[in-house]
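Colleague: My structure file data.txt, compact mmCIF, C-alpha atoms, is below:
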# COMPACT_ATOMS: atom_id res chain seq x y z
CA MET A 1 5.06 -24.56 -26.32
CA ILE A 2 5.98 -21.21 -27.90
CA GLN A 3 2.55 -19.89 -26.97
CA LYS A 4 3.10 -21.01 -23.35
CA ARG A 5 6.48 -19.30 -23.23
CA LYS A 6 4.95 -16.13 -24.67
CA THR A 7 2.18 -16.21 -22.08
CA GLY A 8 4.73 -16.72 -19.30
CA ALA A 9 6.82 -13.79 -20.53
CA THR A 10 3.73 -11.58 -20.83
CA ASN A 11 2.63 -12.49 -17.30
CA THR A 12 6.10 -11.67 -15.93
CA LEU A 13 6.10 -8.37 -17.80
CA ASN A 14 2.62 -7.49 -16.51
CA TYR A 15 3.66 -8.36 -12.96
CA ALA A 16 6.77 -6.17 -13.31
CA ILE A 17 4.60 -3.29 -14.57
CA LYS A 18 2.33 -3.68 -11.52
CA ILE A 19 5.33 -3.64 -9.16
CA LEU A 20 6.73 -0.59 -10.95
CA ALA A 21 3.39 1.16 -10.46
CA VAL A 22 3.77 0.75 -6.67
CA ILE A 23 7.39 1.96 -6.72
CA LYS A 24 6.57 4.93 -8.98
CA LYS A 25 3.67 5.97 -6.75
CA ASP A 26 5.89 5.79 -3.64
CA VAL A 27 8.72 7.72 -5.31
CA GLN A 28 6.28 10.46 -6.44
CA ALA A 29 4.71 10.69 -2.96
CA GLU A 30 8.12 10.70 -1.25
CA TYR A 31 9.44 13.34 -3.66
CA ARG A 32 6.50 15.64 -2.88
CA ALA A 33 6.13 15.05 0.87
CA ARG A 34 9.61 13.77 1.90
CA TYR A 35 8.24 11.76 4.84
CA ALA A 36 11.20 9.45 5.22
CA VAL A 37 14.13 11.10 3.45
CA ASN A 38 14.15 14.29 5.53
CA SER A 39 13.91 12.61 8.93
CA VAL A 40 16.41 9.88 8.06
CA LEU A 41 18.95 12.28 6.58
CA LEU A 42 18.59 14.69 9.49
CA PHE A 43 19.18 11.83 11.94
CA CYS A 44 22.15 10.52 9.94
CA VAL A 45 23.89 13.86 9.60
CA THR A 46 23.29 14.77 13.26
CA SER A 47 24.54 11.46 14.62
CA LEU A 48 27.44 11.47 12.18
CA ALA A 49 28.45 14.95 13.34
CA VAL A 50 28.23 13.95 17.02
CA VAL A 51 30.28 10.79 16.46
CA SER A 52 32.93 12.49 14.35
CA PHE A 53 33.33 15.54 16.61
CA SER A 54 33.59 13.47 19.75
CA LEU A 55 35.64 10.55 18.43
CA GLY A 56 36.79 11.56 14.96
CA GLY A 57 40.55 11.50 15.25
CA THR A 58 40.86 9.23 18.26
CA VAL A 59 39.19 6.01 17.13
CA LYS A 60 41.58 4.00 14.99
CA ASP A 61 40.20 0.54 15.68
CA PRO A 62 38.40 -0.71 12.52
CA GLY A 63 36.05 -2.78 14.69
CA ILE A 64 34.79 0.28 16.56
CA GLN A 65 34.63 2.33 13.35
CA ALA A 66 32.50 -0.36 11.69
CA SER A 67 30.24 -0.60 14.76
CA LEU A 68 29.70 3.17 14.81
CA LEU A 69 28.78 3.19 11.11
CA TRP A 70 26.24 0.41 11.60
CA VAL A 71 24.74 2.00 14.71
CA ILE A 72 23.97 5.07 12.58
CA LEU A 73 22.63 2.95 9.72
CA PHE A 74 20.56 0.74 12.07
CA PHE A 75 18.73 3.64 13.68
CA SER A 76 18.25 5.32 10.31
CA ALA A 77 16.68 2.12 9.03
CA MET A 78 14.43 1.98 12.12
CA MET A 79 13.25 5.54 11.45
CA GLY A 80 12.78 5.47 7.70
CA LEU A 81 11.89 1.94 6.70
CA SER A 82 9.17 1.51 9.31
CA ARG A 83 7.09 4.15 7.53
CA ALA A 84 6.38 2.05 4.44
CA PHE A 85 2.95 0.93 5.66
CA ILE A 86 2.43 3.21 8.65
CA LYS A 87 1.86 6.20 6.38
CA GLU A 88 -0.55 4.18 4.22
CA GLN A 89 -2.50 3.24 7.35
CA ASP A 90 -2.51 6.78 8.73
CA ARG A 91 -3.65 8.34 5.47
CA GLY A 92 -6.42 5.83 4.79
CA THR A 93 -4.81 4.44 1.64
CA MET A 94 -4.10 0.93 2.95
CA ASN A 95 -7.51 -0.28 1.76
CA THR A 96 -6.90 1.32 -1.64
CA LEU A 97 -3.73 -0.76 -1.90
CA ARG A 98 -5.68 -3.87 -0.86
CA LEU A 99 -8.26 -3.19 -3.55
CA VAL A 100 -5.95 -2.48 -6.47
CA CYS A 101 -2.87 -4.61 -5.81
CA GLU A 102 -1.95 -8.22 -5.18
CA PRO A 103 -0.14 -8.74 -1.85
CA GLY A 104 3.03 -9.95 -3.60
CA GLN A 105 3.29 -6.89 -5.80
CA VAL A 106 2.83 -4.58 -2.78
CA PHE A 107 5.54 -6.40 -0.81
CA ILE A 108 8.08 -6.37 -3.65
CA GLY A 109 7.26 -2.75 -4.58
CA LYS A 110 7.52 -1.48 -1.00
CA MET A 111 10.65 -3.53 -0.37
CA MET A 112 12.32 -2.08 -3.47
CA MET A 113 11.33 1.42 -2.39
CA ASN A 114 12.89 0.77 1.03
CA PHE A 115 15.99 -0.63 -0.66
CA ILE A 116 16.31 2.51 -2.80
CA LEU A 117 15.88 4.69 0.32
CA LEU A 118 18.49 2.73 2.25
CA VAL A 119 20.99 2.80 -0.62
CA VAL A 120 20.52 6.58 -0.94
CA VAL A 121 21.16 6.95 2.81
CA MET A 122 24.24 4.71 2.55
CA LEU A 123 25.53 6.69 -0.44
CA ILE A 124 25.33 9.89 1.60
CA VAL A 125 26.37 8.62 5.03
CA THR A 126 29.21 6.26 4.12
CA PRO A 127 31.49 8.69 2.22
CA LEU A 128 30.96 11.31 4.95
CA PHE A 129 31.76 8.73 7.63
CA ILE A 130 34.91 7.61 5.81
CA VAL A 131 36.13 11.20 5.48
CA LEU A 132 35.22 12.29 9.03
CA MET A 133 36.66 9.17 10.68
CA ASN A 134 39.76 9.43 8.48
CA ILE A 135 39.51 5.85 7.17
CA GLN A 136 42.19 5.39 4.51
CA ASN A 137 42.47 1.74 3.59
CA ILE A 138 39.17 0.60 2.25
CA HIS A 139 38.42 -2.21 -0.16
CA VAL A 140 35.69 -0.57 -2.22
CA GLY A 141 34.35 -3.69 -3.98
CA TYR A 142 34.01 -5.75 -0.79
CA PHE A 143 32.65 -2.79 1.17
CA ALA A 144 30.01 -2.04 -1.51
CA SER A 145 28.99 -5.72 -1.60
CA VAL A 146 28.50 -5.72 2.20
CA MET A 147 26.39 -2.57 1.99
CA VAL A 148 24.18 -3.74 -0.91
CA LEU A 149 23.56 -7.24 0.49
CA SER A 150 22.85 -5.89 3.99
CA ALA A 151 20.50 -3.28 2.52
CA ALA A 152 18.59 -6.00 0.67
CA GLY A 153 18.09 -8.09 3.83
CA LEU A 154 17.23 -5.05 5.94
CA SER A 155 14.67 -3.77 3.42
CA ALA A 156 12.86 -7.11 3.18
CA VAL A 157 12.64 -7.60 6.96
CA CYS A 158 11.69 -3.98 7.69
CA THR A 159 9.01 -3.99 4.98
CA LEU A 160 7.34 -7.05 6.47
CA LEU A 161 7.57 -5.72 10.03
CA SER A 162 6.26 -2.32 8.93
CA ALA A 163 3.12 -4.05 7.68
CA VAL A 164 2.85 -5.98 10.97
CA VAL A 165 3.06 -2.89 13.19
CA ALA A 166 1.06 -0.55 10.93
CA GLN A 167 -2.21 -1.40 12.64
CA ALA A 168 -0.84 -1.38 16.19
CA ARG A 169 -1.12 1.59 18.54
CA ALA A 170 2.39 1.51 20.02
CA ARG A 171 3.98 1.08 16.62
CA GLY A 172 6.90 3.45 17.35
CA THR A 173 8.23 1.17 20.08
CA LEU A 174 6.93 -2.07 18.63
CA PHE A 175 8.90 -1.81 15.40
CA PRO A 176 12.42 -1.76 16.91
CA VAL A 177 11.40 -4.39 19.48
CA LEU A 178 10.29 -6.76 16.71
CA ALA A 179 13.11 -5.82 14.35
CA PHE A 180 16.00 -6.14 16.79
CA PRO A 181 16.05 -9.94 17.24
CA VAL A 182 15.40 -10.57 13.54
CA LEU A 183 18.08 -8.14 12.40
CA ILE A 184 20.76 -9.08 14.96
CA PRO A 185 22.39 -11.75 12.72
CA VAL A 186 22.66 -9.44 9.73
CA PHE A 187 24.09 -6.61 11.85
CA MET A 188 26.67 -8.80 13.54
CA VAL A 189 27.91 -10.14 10.22
CA ALA A 190 27.69 -6.73 8.52
CA VAL A 191 29.81 -5.12 11.28
CA LYS A 192 32.43 -7.89 11.02
CA ALA A 193 32.46 -7.74 7.22
CA THR A 194 32.74 -3.93 7.25
CA GLU A 195 35.64 -4.23 9.68
CA LYS A 196 37.41 -6.56 7.23
CA ALA A 197 36.69 -4.17 4.34
CA ILE A 198 38.36 -1.25 6.13
CA SER A 199 41.26 -3.16 7.68
CA GLU A 200 42.40 -5.91 5.34
CA PRO A 201 43.97 -5.41 1.91
CA SER A 202 42.29 -8.51 0.47
CA PRO A 203 39.06 -9.13 2.39
CA TRP A 204 37.69 -11.56 -0.23
CA ALA A 205 39.20 -14.33 1.88
CA ASN A 206 36.21 -13.66 4.16
CA SER A 207 33.69 -14.17 1.39
CA GLN A 208 31.63 -16.51 3.63
CA MET A 209 30.31 -13.36 5.30
CA LEU A 210 29.03 -12.12 1.95
CA VAL A 211 27.48 -15.53 1.33
CA PHE A 212 25.70 -15.26 4.69
CA LEU A 213 24.44 -11.74 3.90
CA GLY A 214 23.29 -12.91 0.46
CA CYS A 215 21.48 -15.93 1.91
CA TYR A 216 19.87 -13.76 4.59
CA ALA A 217 18.63 -11.40 1.89
CA VAL A 218 17.24 -14.24 -0.26
CA VAL A 219 15.54 -15.94 2.70
CA SER A 220 14.09 -12.61 3.89
CA VAL A 221 12.68 -11.80 0.46
CA ILE A 222 11.17 -15.25 -0.08
CA GLY A 223 9.92 -15.62 3.51
CA GLY A 224 8.61 -12.07 3.50
CA SER A 225 6.69 -12.62 0.26
CA TYR A 226 4.93 -15.66 1.71
CA LEU A 227 4.18 -14.19 5.12
CA PHE A 228 3.14 -10.79 3.80
CA GLU A 229 -0.12 -12.06 2.34
CA TYR A 230 -1.37 -13.01 5.82
CA VAL A 231 -0.35 -9.68 7.29
CA PHE A 232 -1.73 -7.61 4.43
CA THR A 233 -5.13 -9.24 3.99
CA GLU A 234 -6.08 -8.55 7.65
CA MET B 1 -11.78 -5.11 -19.69
CA ASN B 2 -13.07 -7.10 -16.69
CA SER B 3 -14.62 -10.55 -16.49
CA ARG B 4 -18.19 -9.62 -15.52
CA LEU B 5 -19.34 -10.11 -11.98
CA ASP B 6 -22.92 -11.36 -12.04
CA LYS B 7 -23.83 -12.01 -8.44
CA ILE B 8 -22.80 -11.18 -4.88
CA SER B 9 -24.20 -13.31 -2.08
CA LEU B 10 -23.80 -13.24 1.69
CA GLU B 11 -24.71 -16.27 3.76
CA ALA B 12 -25.31 -15.90 7.52
CA VAL B 13 -22.58 -13.30 7.88
CA GLU B 14 -21.65 -12.31 11.41
CA LYS B 15 -19.11 -9.84 12.76
CA ARG B 16 -17.72 -9.66 16.27
CA TYR B 17 -14.99 -7.48 17.74
CA GLY B 18 -13.87 -9.55 20.69
CA PRO B 19 -16.98 -10.37 22.74
CA HIS B 20 -18.95 -7.50 21.15
CA LEU B 21 -21.41 -8.67 18.51
CA ILE B 22 -21.89 -6.09 15.72
CA PHE B 23 -24.43 -8.06 13.66
CA SER B 24 -25.28 -11.64 12.84
CA GLY B 25 -27.30 -13.68 10.37
CA VAL B 26 -26.99 -11.28 7.43
CA SER B 27 -27.92 -13.10 4.22
CA PHE B 28 -28.85 -11.71 0.85
CA GLU B 29 -28.13 -12.10 -2.84
CA VAL B 30 -27.81 -9.35 -5.43
CA GLY B 31 -27.42 -9.72 -9.16
CA LYS B 32 -26.83 -7.44 -12.14
CA GLY B 33 -29.39 -4.62 -12.11
CA ASP B 34 -30.14 -5.04 -8.40
CA SER B 35 -29.46 -2.36 -5.85
CA VAL B 36 -29.33 -2.84 -2.09
CA CYS B 37 -29.06 -0.33 0.71
CA PHE B 38 -27.54 -1.15 4.11
CA TRP B 39 -29.75 0.92 6.33
CA GLY B 40 -29.57 1.53 10.05
CA PRO B 41 -28.56 3.91 12.83
CA ASN B 42 -24.98 4.92 13.65
CA GLY B 43 -22.98 2.03 15.06
CA SER B 44 -25.23 -0.65 13.60
CA GLY B 45 -22.41 -1.96 11.39
CA LYS B 46 -23.35 -0.66 7.92
CA SER B 47 -19.79 0.33 7.01
CA THR B 48 -18.41 -2.89 8.49
CA LEU B 49 -20.87 -4.94 6.45
CA LEU B 50 -19.89 -3.00 3.32
CA LYS B 51 -16.19 -3.68 3.98
CA ILE B 52 -16.93 -7.37 4.52
CA THR B 53 -18.90 -7.42 1.27
CA ALA B 54 -15.96 -5.74 -0.51
CA GLY B 55 -13.51 -8.27 0.96
CA LEU B 56 -11.58 -5.60 2.87
CA ILE B 57 -12.16 -7.29 6.22
CA SER B 58 -13.21 -10.82 6.99
CA ALA B 59 -16.44 -11.92 8.63
CA SER B 60 -16.34 -13.68 12.02
CA ALA B 61 -18.76 -16.26 10.59
CA GLY B 62 -20.63 -16.84 7.34
CA LYS B 63 -19.59 -16.56 3.71
CA VAL B 64 -19.27 -13.86 1.07
CA LYS B 65 -19.34 -15.19 -2.46
CA TYR B 66 -18.85 -13.45 -5.78
CA ALA B 67 -19.94 -15.22 -8.95
CA SER B 68 -19.53 -14.73 -12.67
CA ARG B 69 -21.15 -16.92 -15.30
CA THR B 70 -18.29 -19.41 -15.10
CA LYS B 71 -16.95 -19.42 -11.56
CA THR B 72 -17.69 -18.55 -7.95
CA GLY B 73 -15.09 -17.37 -5.48
CA PRO B 74 -14.17 -15.04 -2.63
CA PRO B 75 -14.19 -11.24 -3.13
CA ALA B 76 -10.38 -11.21 -3.58
CA MET B 77 -10.81 -13.14 -6.84
CA TYR B 78 -13.03 -10.40 -8.26
CA LYS B 79 -11.56 -7.28 -6.69
CA ASN B 80 -10.79 -5.74 -10.08
CA THR B 81 -14.47 -5.89 -10.96
CA ILE B 82 -15.70 -3.74 -8.06
CA GLY B 83 -15.50 -0.03 -7.34
CA VAL B 84 -15.50 1.03 -3.69
CA VAL B 85 -16.08 4.49 -2.22
CA ALA B 86 -15.68 4.59 1.56
CA PRO B 87 -14.19 6.92 4.17
CA ASP B 88 -11.17 4.65 4.59
CA VAL B 89 -10.58 3.90 0.93
CA LEU B 90 -8.79 7.13 0.04
CA MET B 91 -6.58 8.29 -2.78
CA TYR B 92 -3.04 9.63 -2.40
CA GLU B 93 -3.12 13.29 -1.42
CA GLU B 94 0.44 13.99 -2.60
CA LEU B 95 -0.46 12.87 -6.12
CA THR B 96 -2.69 14.48 -8.72
CA PRO B 97 -5.89 12.73 -9.88
CA GLU B 98 -4.05 11.90 -13.11
CA GLU B 99 -1.18 10.23 -11.20
CA ASN B 100 -3.60 8.46 -8.85
CA LEU B 101 -5.49 6.96 -11.78
CA GLU B 102 -2.23 6.01 -13.49
CA PHE B 103 -1.24 4.14 -10.33
CA THR B 104 -4.55 2.36 -9.74
CA MET B 105 -4.98 1.34 -13.38
CA ASN B 106 -1.37 0.14 -13.79
CA ALA B 107 -1.51 -1.69 -10.45
CA ARG B 108 -4.67 -3.45 -11.61
CA GLY B 109 -2.99 -4.22 -14.93
CA PHE B 110 -5.60 -2.31 -16.95
CA LYS B 111 -5.18 0.00 -19.90
CA ARG B 112 -6.53 3.48 -19.37
CA ASP B 113 -9.49 4.71 -21.40
CA SER B 114 -8.67 8.41 -21.64
CA GLU B 115 -11.95 9.37 -23.32
CA TYR B 116 -14.01 7.66 -20.63
CA GLU B 117 -11.89 9.20 -17.87
CA ALA B 118 -12.25 12.65 -19.43
CA SER B 119 -16.02 12.21 -19.54
CA LEU B 120 -16.07 11.28 -15.83
CA PHE B 121 -14.02 14.33 -14.90
CA ALA B 122 -16.32 16.49 -17.02
CA ARG B 123 -19.45 15.11 -15.40
CA PHE B 124 -18.12 15.96 -11.94
CA ASP B 125 -16.73 19.36 -13.03
CA LEU B 126 -13.18 18.37 -12.17
CA GLU B 127 -11.54 18.76 -15.61
CA ASP B 128 -9.47 21.73 -14.45
CA ALA B 129 -8.26 19.95 -11.33
CA ARG B 130 -6.79 16.88 -13.02
CA HIS B 131 -3.22 18.08 -12.53
CA GLU B 132 -3.56 19.54 -9.04
CA GLN B 133 -2.56 17.62 -5.93
CA VAL B 134 -5.55 15.88 -4.34
CA GLY B 135 -4.42 17.24 -0.94
CA ASN B 136 -5.37 20.74 -2.10
CA PHE B 137 -8.96 19.71 -2.94
CA SER B 138 -11.98 20.58 -0.82
CA SER B 139 -13.78 17.68 0.90
CA GLY B 140 -16.48 17.69 -1.78
CA MET B 141 -13.92 17.61 -4.61
CA LYS B 142 -12.08 14.74 -2.92
CA GLN B 143 -15.33 12.78 -2.64
CA LYS B 144 -16.09 13.42 -6.32
CA PHE B 145 -12.61 12.19 -7.23
CA HIS B 146 -13.04 9.07 -5.10
CA ILE B 147 -16.19 8.31 -7.10
CA ILE B 148 -14.35 8.92 -10.39
CA SER B 149 -11.56 6.56 -9.33
CA ALA B 150 -14.11 3.91 -8.33
CA LEU B 151 -15.68 4.16 -11.79
CA ALA B 152 -12.49 4.50 -13.87
CA HIS B 153 -11.97 0.76 -14.40
CA LYS B 154 -15.62 0.21 -15.45
CA PRO B 155 -16.57 -2.04 -12.54
CA SER B 156 -19.46 -4.53 -12.53
CA ALA B 157 -20.40 -3.64 -8.94
CA LEU B 158 -20.32 -0.40 -7.00
CA LEU B 159 -20.06 -0.43 -3.21
CA PHE B 160 -20.62 3.02 -1.77
CA ASP B 161 -20.46 4.10 1.87
CA GLU B 162 -22.40 7.37 2.17
CA PRO B 163 -21.41 8.45 -1.35
CA SER B 164 -22.82 11.95 -1.23
CA SER B 165 -21.26 12.97 2.08
CA TYR B 166 -19.45 16.35 1.85
CA MET B 167 -21.26 17.07 -1.42
CA ASP B 168 -23.30 20.13 -2.27
CA LEU B 169 -26.66 19.90 -3.98
CA SER B 170 -25.22 19.81 -7.52
CA GLY B 171 -22.75 17.09 -6.51
CA ARG B 172 -25.59 14.99 -5.10
CA GLU B 173 -27.52 15.44 -8.33
CA GLN B 174 -24.47 14.39 -10.38
CA ILE B 175 -24.07 11.18 -8.37
CA SER B 176 -27.79 10.47 -8.45
CA ARG B 177 -27.84 10.89 -12.25
CA ILE B 178 -24.82 8.62 -12.77
CA ILE B 179 -26.21 5.96 -10.46
CA ASN B 180 -29.57 5.99 -12.20
CA GLU B 181 -27.87 5.65 -15.61
CA MET B 182 -25.66 2.76 -14.52
CA LYS B 183 -28.06 0.95 -12.20
CA SER B 184 -29.48 -1.49 -14.73
CA GLU B 185 -25.99 -2.61 -15.83
CA ILE B 186 -24.29 -3.10 -12.45
CA ILE B 187 -24.74 -4.37 -8.91
CA LEU B 188 -25.18 -1.42 -6.56
CA ILE B 189 -24.70 -1.59 -2.79
CA ILE B 190 -24.95 1.55 -0.67
CA ALA B 191 -24.40 1.89 3.09
CA THR B 192 -26.15 4.99 4.37
CA ASN B 193 -28.55 6.55 6.79
CA ASP B 194 -29.52 9.28 4.32
CA PRO B 195 -33.11 8.71 3.08
CA GLU B 196 -32.28 10.23 -0.32
CA GLU B 197 -29.46 7.72 -0.91
CA LYS B 198 -31.72 4.92 0.32
CA ASP B 199 -34.21 5.86 -2.41
CA TRP B 200 -31.58 5.12 -5.09
CA CYS B 201 -31.88 1.44 -4.17
CA ASN B 202 -34.65 -1.07 -4.81
CA GLU B 203 -34.14 -3.14 -1.68
CA TYR B 204 -32.61 -2.68 1.72
CA VAL B 205 -30.97 -4.65 4.50
CA GLU B 206 -31.85 -3.12 7.86
CA LEU B 207 -29.31 -3.35 10.67
CA CYS B 208 -30.22 -2.68 14.28
CA ASN B 209 -28.09 -1.73 17.25
Could you spell out this file's structure in structure tokens?

Modeller:
Amino acid sequence: MIQKRKTGATNTLNYAIKILAVIKKDVQAEYRARYAVNSVLLFCVTSLAVVSFSLGGTVKDPGIQASLLWVILFFSAMMGLSRAFIKEQDRGTMNTLRLVCEPGQVFIGKMMMNFILLVVVMLIVTPLFIVLMNIQNIHVGYFASVMVLSAAGLSAVCTLLSAVVAQARARGTLFPVLAFPVLIPVFMVAVKATEKAISEPSPWANSQMLVFLGCYAVVSVIGGSYLFEYVFTE
Amino acid sequence: MNSRLDKISLEAVEKRYGPHLIFSGVSFEVGKGDSVCFWGPNGSGKSTLLKITAGLISASAGKVKYASRTKTGPPAMYKNTIGVVAPDVLMYEELTPEENLEFTMNARGFKRDSEYEASLFARFDLEDARHEQVGNFSSGMKQKFHIISALAHKPSALLFDEPSSYMDLSGREQISRIINEMKSEIILIIATNDPEEKDWCNEYVELCN
């Protein structure tokens, strides 16, 4: 029994090390080449500047403010997260991944890398957006929960779809076309939940939205892990 | 480090892309100490057959089986026991050879053998380039590093697609020497239309257009 438990723990540890290897490799490559970070940040800052200069002081409606924030985050996600497998395909390293990794470890590793990227973008964009749009009443805990749970769902879905479109020719257009219907539920709820976070003093009364975002993230991760094997192996 | 792979067999393997037949009825069996060359003109499907043998793409019909002393299974079951060098199995250009090997070995769940790795780098005259980004290498250096990374986990089978392409004379000699040293201990499969590389093998599978 003890031996079995030890073996189980060792297997989990080994699997975690393998996933970390994928994340570390992606972080090192991104740090050196900055494929995603530069384009995503440039897009975010540009769109943020346009939105704030044209609407900055005039838009007071929390619903519109939340929508604007998520429009910026949605298109950033479309630009950055789609690259997870496209760059592997373009650089001839997809087969290397197939040879050295298990599909599950690639999916989890890439998804975590996308999650990190999205959280970094959110950490930069959101404070700037709050300042530029002059949003004063914000429930930080609820707002952060919305962002983290949405980022988890977005990363899982975008990672799977990135692998699907990586081998297609019209991948630039195919990715948003495939992503839009799958991501619509999470965006609708995220916009509503963000609106509550910036308009209500105690938004926890709307915790069902967080439950939905959490469930979406869990289903996306589990579903993605199962489906990914079929996409990745050919 | 690896459970030994003793035999690779292909049974009536066929590959089609849509209605276009690339090859059909390819059957052979190779064991430890055997070496096979996939030989044929451009477009005959040598690289495709090598990728099917490595489990990187699936065959339209037929079976690819890998076997150890205890069990037989698909290539995916034994992928940690093979080393592949092919034009579309590349290493990460943003990383150094050291970082690339750290990734591939950790991802496979293997411990690194630093002495063995150092000896491989020395044999291919790449000791001084271990901490440079692979993207800065010449084509010949990249090819040498691809061979090092295919050998780093001490595989039981080597699957090479034109291994000495981009290499100068000394590079070709280095590969030839290594292959001749290892040949009796491994399964060697080479896809090529270079007569010199064909001579490294004992048998060949000829593909026609």

Colleague: So which residues fall inside 12 Å of (-2.7, -7.4, -2.1) if we count only C-alpha atoms? Mind giving them as number ranges by chain?

Modeller: A: 18-19, 22, 94-110, 163, 225-226, 228-234; B: 55-56, 76-77, 79-80, 107-108

Colleague: Calculated over only C-alpha atoms, which of the candidates B:Phe145, B:Tyr204, B:Phe137, B:Phe110 has the smallest distance to chain A?

Modeller: B:Phe110

Colleague: May I ask which of the residues B:Ile189, B:Ile179, B:Leu158, B:Leu90 is the closest one to chain A, counting only C-alpha atoms?

Modeller: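 The shortest atom-to-atom distance to chain A comes from B:Leu90.
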
Colleague: Starting from chain B, keep only residues with some atom at most 9 Å from an atom of chain A, counting all atoms listed in the file, and report them as a PyMOL selection string.

Modeller: chain B and resi 54-58+76+79-80+82-84+87-95+99-100+102-109

Colleague: Do a neighbour search on region 143-154 of chain A at 10 Å with all atoms listed in the file, toss out local chain neighbours closer than 4 positions, and write the hits as a PyMOL selection string.

Modeller: chain A and resi 73-74+77-78+81+111-112+114-119+122-123+126+138-139+158-159+179+182-183+186-187+189-198+203+207+209-221
